[in-house]
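Next comes target.cif, a file with mmCIF, C-alpha atoms.
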data_work
loop_
_atom_site.group_PDB
_atom_site.id
_atom_site.type_symbol
_atom_site.label_atom_id
_atom_site.label_comp_id
_atom_site.auth_asym_id
_atom_site.auth_seq_id
_atom_site.Cartn_x
_atom_site.Cartn_y
_atom_site.Cartn_z
ATOM 1 C CA MET A 219 -15.790 6.176 -5.077
ATOM 2 C CA ALA A 220 -14.297 2.947 -3.703
ATOM 3 C CA THR A 221 -10.586 2.231 -3.547
ATOM 4 C CA THR A 222 -9.361 0.771 -6.831
ATOM 5 C CA LYS A 223 -5.736 -0.079 -5.987
ATOM 6 C CA ASP A 224 -5.109 -3.772 -5.307
ATOM 7 C CA ILE A 225 -4.530 -4.526 -1.612
ATOM 8 C CA LYS A 226 -2.443 -7.628 -0.914
ATOM 9 C CA LEU A 227 -0.768 -7.129 2.466
ATOM 10 C CA ASP A 228 -1.796 -9.386 5.347
ATOM 11 C CA ARG A 229 -2.689 -7.385 8.466
ATOM 12 C CA ARG A 230 -1.248 -9.714 11.069
ATOM 13 C CA GLU A 231 1.978 -10.215 9.119
ATOM 14 C CA VAL A 232 2.344 -6.443 8.729
ATOM 15 C CA VAL A 233 1.994 -5.868 12.469
ATOM 16 C CA ALA A 234 4.461 -8.689 13.187
ATOM 17 C CA GLN A 235 7.054 -7.126 10.882
ATOM 18 C CA ILE A 236 6.589 -3.660 12.363
ATOM 19 C CA LEU A 237 6.851 -4.873 15.964
ATOM 20 C CA LYS A 238 9.791 -7.186 15.290
ATOM 21 C CA ALA A 239 11.939 -4.088 14.706
ATOM 22 C CA ARG A 240 10.666 -2.115 17.724
ATOM 23 C CA GLY A 241 13.678 -2.457 20.033
ATOM 24 C CA ASP A 242 12.685 -0.705 23.271
ATOM 25 C CA ALA A 243 9.960 1.422 21.667
ATOM 26 C CA LEU A 244 6.752 1.989 23.603
ATOM 27 C CA VAL A 245 3.627 0.922 21.707
ATOM 28 C CA VAL A 246 0.097 2.274 22.067
ATOM 29 C CA THR A 247 -2.555 0.296 20.200
ATOM 30 C CA GLY A 248 -5.972 1.397 19.112
ATOM 31 C CA LEU A 249 -8.955 -0.659 20.156
ATOM 32 C CA GLY A 250 -9.953 -3.804 18.302
ATOM 33 C CA SER A 251 -7.831 -5.322 15.566
ATOM 34 C CA THR A 252 -4.514 -3.588 16.258
ATOM 35 C CA CYS A 253 -4.839 -4.477 19.942
ATOM 36 C CA TRP A 254 -5.390 -8.133 19.057
ATOM 37 C CA ASP A 255 -2.632 -8.116 16.438
ATOM 38 C CA ALA A 256 -0.063 -6.704 18.862
ATOM 39 C CA ALA A 257 -1.060 -9.303 21.448
ATOM 40 C CA ALA A 258 -0.772 -12.048 18.823
ATOM 41 C CA VAL A 259 2.799 -10.963 18.061
ATOM 42 C CA GLY A 260 3.628 -11.189 21.768
ATOM 43 C CA ASP A 261 2.293 -9.469 24.848
ATOM 44 C CA THR A 262 4.762 -7.227 26.656
ATOM 45 C CA PRO A 263 4.513 -4.618 29.416
ATOM 46 C CA ARG A 264 5.750 -2.057 26.839
ATOM 47 C CA ASN A 265 2.424 -2.383 25.012
ATOM 48 C CA PHE A 266 -0.401 -0.120 26.161
ATOM 49 C CA TYR A 267 -3.696 -1.470 24.856
ATOM 50 C CA VAL A 268 -6.485 1.080 24.456
ATOM 51 C CA TRP A 269 -9.765 -0.621 25.279
ATOM 52 C CA GLY A 270 -12.964 1.224 24.442
ATOM 53 C CA ALA A 271 -11.487 4.708 23.950
ATOM 54 C CA MET A 272 -12.096 5.013 20.231
ATOM 55 C CA GLY A 273 -10.318 7.994 18.705
ATOM 56 C CA GLY A 274 -7.845 8.409 21.559
ATOM 57 C CA ALA A 275 -4.821 6.302 20.605
ATOM 58 C CA ALA A 276 -2.874 9.054 18.807
ATOM 59 C CA MET A 277 -3.476 11.493 21.682
ATOM 60 C CA ILE A 278 -2.294 8.948 24.253
ATOM 61 C CA GLY A 279 0.776 8.402 22.095
ATOM 62 C CA LEU A 280 1.378 12.148 21.914
ATOM 63 C CA GLY A 281 1.246 12.544 25.685
ATOM 64 C CA LEU A 282 3.622 9.625 26.113
ATOM 65 C CA ALA A 283 6.050 10.964 23.498
ATOM 66 C CA LEU A 284 6.123 14.368 25.200
ATOM 67 C CA ALA A 285 6.734 12.774 28.605
ATOM 68 C CA GLN A 286 9.327 10.239 27.399
ATOM 69 C CA THR A 287 11.388 12.288 24.968
ATOM 70 C CA LYS A 288 14.272 9.779 24.875
ATOM 71 C CA ARG A 289 12.058 6.868 23.868
ATOM 72 C CA ARG A 290 10.485 6.110 20.507
ATOM 73 C CA VAL A 291 6.698 5.916 20.776
ATOM 74 C CA LEU A 292 4.701 4.013 18.159
ATOM 75 C CA VAL A 293 0.940 4.330 17.865
ATOM 76 C CA LEU A 294 -0.523 1.360 16.033
ATOM 77 C CA THR A 295 -4.186 1.906 15.228
ATOM 78 C CA GLY A 296 -6.896 1.245 12.683
ATOM 79 C CA ASP A 297 -8.615 3.386 10.081
ATOM 80 C CA GLY A 298 -11.941 3.553 11.929
ATOM 81 C CA GLU A 299 -10.250 4.660 15.149
ATOM 82 C CA MET A 300 -8.100 7.231 13.341
ATOM 83 C CA LEU A 301 -11.089 8.656 11.488
ATOM 84 C CA MET A 302 -12.707 9.359 14.849
ATOM 85 C CA GLY A 303 -9.561 11.118 16.116
ATOM 86 C CA LEU A 304 -8.604 13.271 13.123
ATOM 87 C CA GLY A 305 -8.418 16.449 15.186
ATOM 88 C CA GLY A 306 -5.556 14.895 17.113
ATOM 89 C CA LEU A 307 -3.346 15.060 14.030
ATOM 90 C CA ALA A 308 -3.348 18.861 14.176
ATOM 91 C CA THR A 309 -2.403 18.797 17.860
ATOM 92 C CA ILE A 310 0.466 16.394 17.162
ATOM 93 C CA VAL A 311 1.855 18.713 14.494
ATOM 94 C CA VAL A 312 1.615 21.741 16.798
ATOM 95 C CA GLN A 313 3.576 19.850 19.475
ATOM 96 C CA ARG A 314 6.011 18.305 16.953
ATOM 97 C CA PRO A 315 7.284 15.319 18.973
ATOM 98 C CA SER A 316 10.348 14.038 17.131
ATOM 99 C CA ASN A 317 9.997 10.591 18.747
ATOM 100 C CA LEU A 318 6.410 9.807 17.686
ATOM 101 C CA SER A 319 5.266 7.579 14.822
ATOM 102 C CA VAL A 320 1.607 6.880 14.049
ATOM 103 C CA VAL A 321 0.791 3.854 11.885
ATOM 104 C CA VAL A 322 -2.745 3.227 10.656
ATOM 105 C CA ILE A 323 -3.436 -0.385 9.703
ATOM 106 C CA ASP A 324 -6.156 0.290 7.136
ATOM 107 C CA ASN A 325 -8.428 -2.550 6.060
ATOM 108 C CA GLU A 326 -11.129 -0.026 5.094
ATOM 109 C CA ARG A 327 -13.534 -1.663 7.560
ATOM 110 C CA TYR A 328 -14.968 -1.233 11.045
ATOM 111 C CA GLY A 329 -13.805 -4.613 12.325
ATOM 112 C CA GLU A 330 -15.507 -4.576 15.708
ATOM 113 C CA THR A 331 -19.011 -3.772 14.519
ATOM 114 C CA GLY A 332 -19.532 -6.021 11.495
ATOM 115 C CA MET A 333 -16.937 -5.071 8.849
ATOM 116 C CA GLN A 334 -18.875 -2.103 7.490
ATOM 117 C CA SER A 335 -16.872 0.076 5.090
ATOM 118 C CA THR A 336 -15.057 3.046 6.578
ATOM 119 C CA HIS A 337 -14.598 6.320 4.704
ATOM 120 C CA THR A 338 -11.162 5.198 3.497
ATOM 121 C CA ARG A 339 -12.960 2.644 1.342
ATOM 122 C CA PHE A 340 -14.488 5.590 -0.505
ATOM 123 C CA GLY A 341 -11.300 7.535 -1.114
ATOM 124 C CA ILE A 342 -10.634 9.442 2.115
ATOM 125 C CA ASP A 343 -6.841 9.784 2.208
ATOM 126 C CA LEU A 344 -5.593 9.687 5.802
ATOM 127 C CA ALA A 345 -1.960 10.120 4.735
ATOM 128 C CA GLY A 346 -2.987 13.159 2.682
ATOM 129 C CA ILE A 347 -4.798 14.632 5.688
ATOM 130 C CA ALA A 348 -1.720 14.125 7.879
ATOM 131 C CA ARG A 349 0.510 15.631 5.189
ATOM 132 C CA ALA A 350 -1.730 18.694 4.907
ATOM 133 C CA ALA A 351 -1.648 19.076 8.694
ATOM 134 C CA GLY A 352 2.152 19.254 8.535
ATOM 135 C CA PHE A 353 3.563 15.860 9.490
ATOM 136 C CA ALA A 354 7.314 15.663 8.799
ATOM 137 C CA HIS A 355 6.757 12.362 6.956
ATOM 138 C CA SER A 356 3.451 10.950 5.708
ATOM 139 C CA THR A 357 2.973 8.029 3.360
ATOM 140 C CA CYS A 358 0.597 5.277 2.253
ATOM 141 C CA VAL A 359 1.963 1.761 1.788
ATOM 142 C CA TYR A 360 0.446 -0.943 -0.406
ATOM 143 C CA ALA A 361 3.321 -3.336 -1.146
ATOM 144 C CA GLU A 362 5.843 -5.448 0.740
ATOM 145 C CA ASP A 363 8.844 -3.501 -0.539
ATOM 146 C CA GLU A 364 7.231 -0.230 0.579
ATOM 147 C CA LEU A 365 6.602 -1.716 4.026
ATOM 148 C CA LYS A 366 10.217 -2.854 4.363
ATOM 149 C CA ALA A 367 11.397 0.646 3.461
ATOM 150 C CA LEU A 368 8.956 2.213 5.940
ATOM 151 C CA ILE A 369 9.860 0.219 9.046
ATOM 152 C CA PRO A 370 13.308 1.765 9.720
ATOM 153 C CA THR A 371 11.782 5.215 9.182
ATOM 154 C CA LEU A 372 9.246 4.572 11.944
ATOM 155 C CA TYR A 373 11.972 3.993 14.523
ATOM 156 C CA ASN A 374 14.901 6.080 13.324
ATOM 157 C CA ASN A 375 13.702 9.216 11.551
ATOM 158 C CA SER A 376 12.748 12.445 13.243
ATOM 159 C CA GLY A 377 9.013 12.790 13.592
ATOM 160 C CA PRO A 378 6.228 13.167 13.846
ATOM 161 C CA ILE A 379 5.802 10.382 11.304
ATOM 162 C CA PHE A 380 2.492 9.169 9.888
ATOM 163 C CA ALA A 381 1.938 6.085 7.760
ATOM 164 C CA VAL A 382 -1.080 4.242 6.437
ATOM 165 C CA VAL A 383 -0.563 0.569 5.611
ATOM 166 C CA LYS A 384 -3.319 -0.839 3.413
ATOM 167 C CA VAL A 385 -4.177 -4.436 4.344
ATOM 168 C CA MET A 386 -6.715 -6.994 3.179
ATOM 169 C CA ALA A 387 -10.075 -7.096 4.958
ATOM 170 C CA ARG A 388 -9.836 -10.480 6.652
ATOM 171 C CA SER A 389 -10.895 -11.943 9.971
ATOM 172 C CA TYR A 390 -8.256 -13.480 12.242
ATOM 173 C CA PRO A 391 -8.398 -15.440 15.496
ATOM 174 C CA THR A 392 -8.867 -12.965 18.323
ATOM 175 C CA VAL A 393 -5.931 -12.826 20.740
ATOM 176 C CA LEU A 394 -7.047 -10.846 23.763
ATOM 177 C CA PRO A 395 -4.527 -9.249 26.100
ATOM 178 C CA ALA A 396 -5.532 -8.252 29.620
ATOM 179 C CA ARG A 397 -8.580 -5.977 29.727
ATOM 180 C CA ASP A 398 -8.196 -4.555 33.223
ATOM 181 C CA GLY A 399 -7.374 -0.871 32.724
ATOM 182 C CA THR A 400 -5.764 -0.393 36.127
ATOM 183 C CA TYR A 401 -3.557 -3.441 35.645
ATOM 184 C CA LEU A 402 -2.504 -2.343 32.147
ATOM 185 C CA LYS A 403 -1.739 1.202 33.320
ATOM 186 C CA ASN A 404 0.335 0.014 36.290
ATOM 187 C CA ARG A 405 2.170 -2.609 34.236
ATOM 188 C CA PHE A 406 2.997 -0.108 31.502
ATOM 189 C CA ARG A 407 4.078 2.554 34.020
ATOM 190 C CA ALA A 408 6.391 0.078 35.742
ATOM 191 C CA ALA A 409 7.953 -0.900 32.398
ATOM 192 C CA VAL A 410 8.557 2.757 31.497
ATOM 193 C CA LEU A 411 10.046 3.625 34.898
ATOM 194 C CA GLU A 412 12.192 0.480 35.006
ATOM 195 C CA ASN A 413 13.753 1.389 31.653
ATOM 196 C CA LYS A 414 14.283 4.976 32.798
ATOM 197 C CA ALA A 415 16.098 3.776 35.913
ATOM 198 C CA THR A 416 18.555 1.700 33.864
ATOM 199 C CA ASN A 417 19.407 4.545 31.444
#

Can you turn what I pasted into structure tokens?
Amino acid sequence: MATTKDIKLDRREVVAQILKARGDALVVTGLGSTCWDAAAVGDTPRNFYVWGAMGGAAMIGLGLALAQTKRRVLVLTGDGEMLMGLGGLATIVVQRPSNLSVVVIDNERYGETGMQSTHTRFGIDLAGIARAAGFAHSTCVYAEDELKALIPTLYNNSGPIFAVVKVMARSYPTVLPARDGTYLKNRFRAAVLENKATN
């Protein structure tokens, strides 16, 4: 059964609003659309772009949150990537990082391979799965007012926090950040250590 609720949120605007409030939070993006959206908002060394490691964004975010307990860590990924990494949700709940938020930007499509429908298009409830796993907060957002209420929760509430934001299935100009994994790792590491040294 396909989703019947009306989806009106614009993906790139959603990501811009979420990242505008980030402060010094560390951001891990999934591959594809969320990577490009974060880069479109503004590239920064505090963004770690996951290239080609589908299903791994939440686990990278978990490791980072456990290592950097005084920093908020935000994973910003897509529905296709999250569907491939569902087992990671159970591991996150077992570890219970209070500083981790996972946001799934859900356009119900596999954007990198031709916009085929993902399982969320047919009723798979990622927020429900996270809730059943034991996330402290899990929600699904469809409207602007719900998004505005969610954003402070992502950065201020005790986690782990999980949120699905339903967005329209649209194509946007691709904004590619650097793709060199060694460069991205070293840049991100330097940004984390620099902040640690000033605290």

Expansion of the PyMOL selection byres ((chain A and resi 244) around 10) into residues, as a PyMOL selection string: chain A and resi 240-243+245-246+262-266+279+282-283+286+289-293+318+406+409-410

Output check: residues returned by the PyMOL selection byres ((chain A and resi 233) around 8), as a PyMOL selection string: chain A and resi 229-232+234-237+252+255-256+259

Draw an axis-aligned box over all listed atoms of stretch 306-313 of chain A, pad each side with 4 Å, and write its centre and edge lengths in Å, one decimal, as lines of an AutoDock Vina configuration file.
center_x = -1.0
center_y = 18.3
center_z = 16.8
size_x = 17.1
size_y = 14.8
size_z = 13.4

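Residue nearest A:Ile225 within the list A:Val385, A:Met300, A:Ala396, A:Leu411: A:Val385 [criterion: smallest interatomic distance, all atoms listed in the file].
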
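Atom CA of A:Ala258 to atom CA of A:Val393 spans 5.6 Å [interatomic distance, one decimal].
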
Atomic distance atom CA of A:Ala308 - atom CA of A:Leu402, expressed in Å with one decimal: 27.8 Å

Pick from A:Leu394, A:Ile347, A:Ala381, A:Met302 nearest to A:Ala367, counting only C-alpha atoms: A:Ala381

For stretch 327-386 of chain A of the structure just presented, write C-alpha atoms to a file, as a PDB file, in the first residue's frame.
ATOM      1  CA  ARG A 327      12.779   7.108  -3.523  1.00  0.00           C
ATOM      2  CA  TYR A 328      16.235   5.764  -4.325  1.00  0.00           C
ATOM      3  CA  GLY A 329      17.580   9.043  -5.689  1.00  0.00           C
ATOM      4  CA  GLU A 330      20.934   7.819  -6.952  1.00  0.00           C
ATOM      5  CA  THR A 331      19.678   4.925  -9.047  1.00  0.00           C
ATOM      6  CA  GLY A 332      16.678   6.332 -10.915  1.00  0.00           C
ATOM      7  CA  MET A 333      14.061   7.390  -8.333  1.00  0.00           C
ATOM      8  CA  GLN A 334      12.630   3.910  -7.822  1.00  0.00           C
ATOM      9  CA  SER A 335      10.233   3.649  -4.872  1.00  0.00           C
ATOM     10  CA  THR A 336      11.708   2.588  -1.552  1.00  0.00           C
ATOM     11  CA  HIS A 337       9.796   0.475   0.962  1.00  0.00           C
ATOM     12  CA  THR A 338       8.661   3.612   2.803  1.00  0.00           C
ATOM     13  CA  ARG A 339       6.512   4.386  -0.228  1.00  0.00           C
ATOM     14  CA  PHE A 340       4.601   1.204   0.578  1.00  0.00           C
ATOM     15  CA  GLY A 341       4.015   1.864   4.257  1.00  0.00           C
ATOM     16  CA  ILE A 342       7.229   0.805   6.008  1.00  0.00           C
ATOM     17  CA  ASP A 343       7.377   3.052   9.080  1.00  0.00           C
ATOM     18  CA  LEU A 344      10.992   3.874   9.943  1.00  0.00           C
ATOM     19  CA  ALA A 345       9.977   5.971  12.958  1.00  0.00           C
ATOM     20  CA  GLY A 346       7.866   3.056  14.202  1.00  0.00           C
ATOM     21  CA  ILE A 347      10.822   0.691  13.808  1.00  0.00           C
ATOM     22  CA  ALA A 348      13.069   3.058  15.776  1.00  0.00           C
ATOM     23  CA  ARG A 349      10.394   3.459  18.453  1.00  0.00           C
ATOM     24  CA  ALA A 350      10.033  -0.314  18.796  1.00  0.00           C
ATOM     25  CA  ALA A 351      13.816  -0.626  19.100  1.00  0.00           C
ATOM     26  CA  GLY A 352      13.715   1.754  22.070  1.00  0.00           C
ATOM     27  CA  PHE A 353      14.740   5.213  20.883  1.00  0.00           C
ATOM     28  CA  ALA A 354      14.112   7.854  23.570  1.00  0.00           C
ATOM     29  CA  HIS A 355      12.306  10.001  20.976  1.00  0.00           C
ATOM     30  CA  SER A 356      11.025   8.903  17.565  1.00  0.00           C
ATOM     31  CA  THR A 357       8.710  10.828  15.283  1.00  0.00           C
ATOM     32  CA  CYS A 358       7.604  11.347  11.684  1.00  0.00           C
ATOM     33  CA  VAL A 359       7.210  14.898  10.387  1.00  0.00           C
ATOM     34  CA  TYR A 360       5.029  15.970   7.468  1.00  0.00           C
ATOM     35  CA  ALA A 361       4.369  19.681   8.046  1.00  0.00           C
ATOM     36  CA  GLU A 362       6.324  22.893   8.539  1.00  0.00           C
ATOM     37  CA  ASP A 363       5.066  23.441  12.080  1.00  0.00           C
ATOM     38  CA  GLU A 364       6.113  19.897  13.028  1.00  0.00           C
ATOM     39  CA  LEU A 365       9.570  20.525  11.564  1.00  0.00           C
ATOM     40  CA  LYS A 366       9.980  23.760  13.524  1.00  0.00           C
ATOM     41  CA  ALA A 367       9.048  21.932  16.726  1.00  0.00           C
ATOM     42  CA  LEU A 368      11.466  19.091  15.922  1.00  0.00           C
ATOM     43  CA  ILE A 369      14.614  21.120  15.274  1.00  0.00           C
ATOM     44  CA  PRO A 370      15.321  22.223  18.882  1.00  0.00           C
ATOM     45  CA  THR A 371      14.711  18.638  20.018  1.00  0.00           C
ATOM     46  CA  LEU A 372      17.440  17.387  17.682  1.00  0.00           C
ATOM     47  CA  TYR A 373      20.071  19.568  19.338  1.00  0.00           C
ATOM     48  CA  ASN A 374      18.890  19.962  22.918  1.00  0.00           C
ATOM     49  CA  ASN A 375      17.054  16.854  24.096  1.00  0.00           C
ATOM     50  CA  SER A 376      18.687  13.765  25.510  1.00  0.00           C
ATOM     51  CA  GLY A 377      18.971  11.032  22.933  1.00  0.00           C
ATOM     52  CA  PRO A 378      19.175   8.903  21.091  1.00  0.00           C
ATOM     53  CA  ILE A 379      16.666  10.765  18.938  1.00  0.00           C
ATOM     54  CA  PHE A 380      15.213   9.518  15.657  1.00  0.00           C
ATOM     55  CA  ALA A 381      13.120  11.511  13.209  1.00  0.00           C
ATOM     56  CA  VAL A 382      11.774  10.928   9.730  1.00  0.00           C
ATOM     57  CA  VAL A 383      11.008  14.042   7.693  1.00  0.00           C
ATOM     58  CA  LYS A 384       8.786  13.325   4.700  1.00  0.00           C
ATOM     59  CA  VAL A 385       9.753  15.438   1.676  1.00  0.00           C
ATOM     60  CA  MET A 386       8.583  15.705  -1.916  1.00  0.00           C
TER      61      MET A 386
END
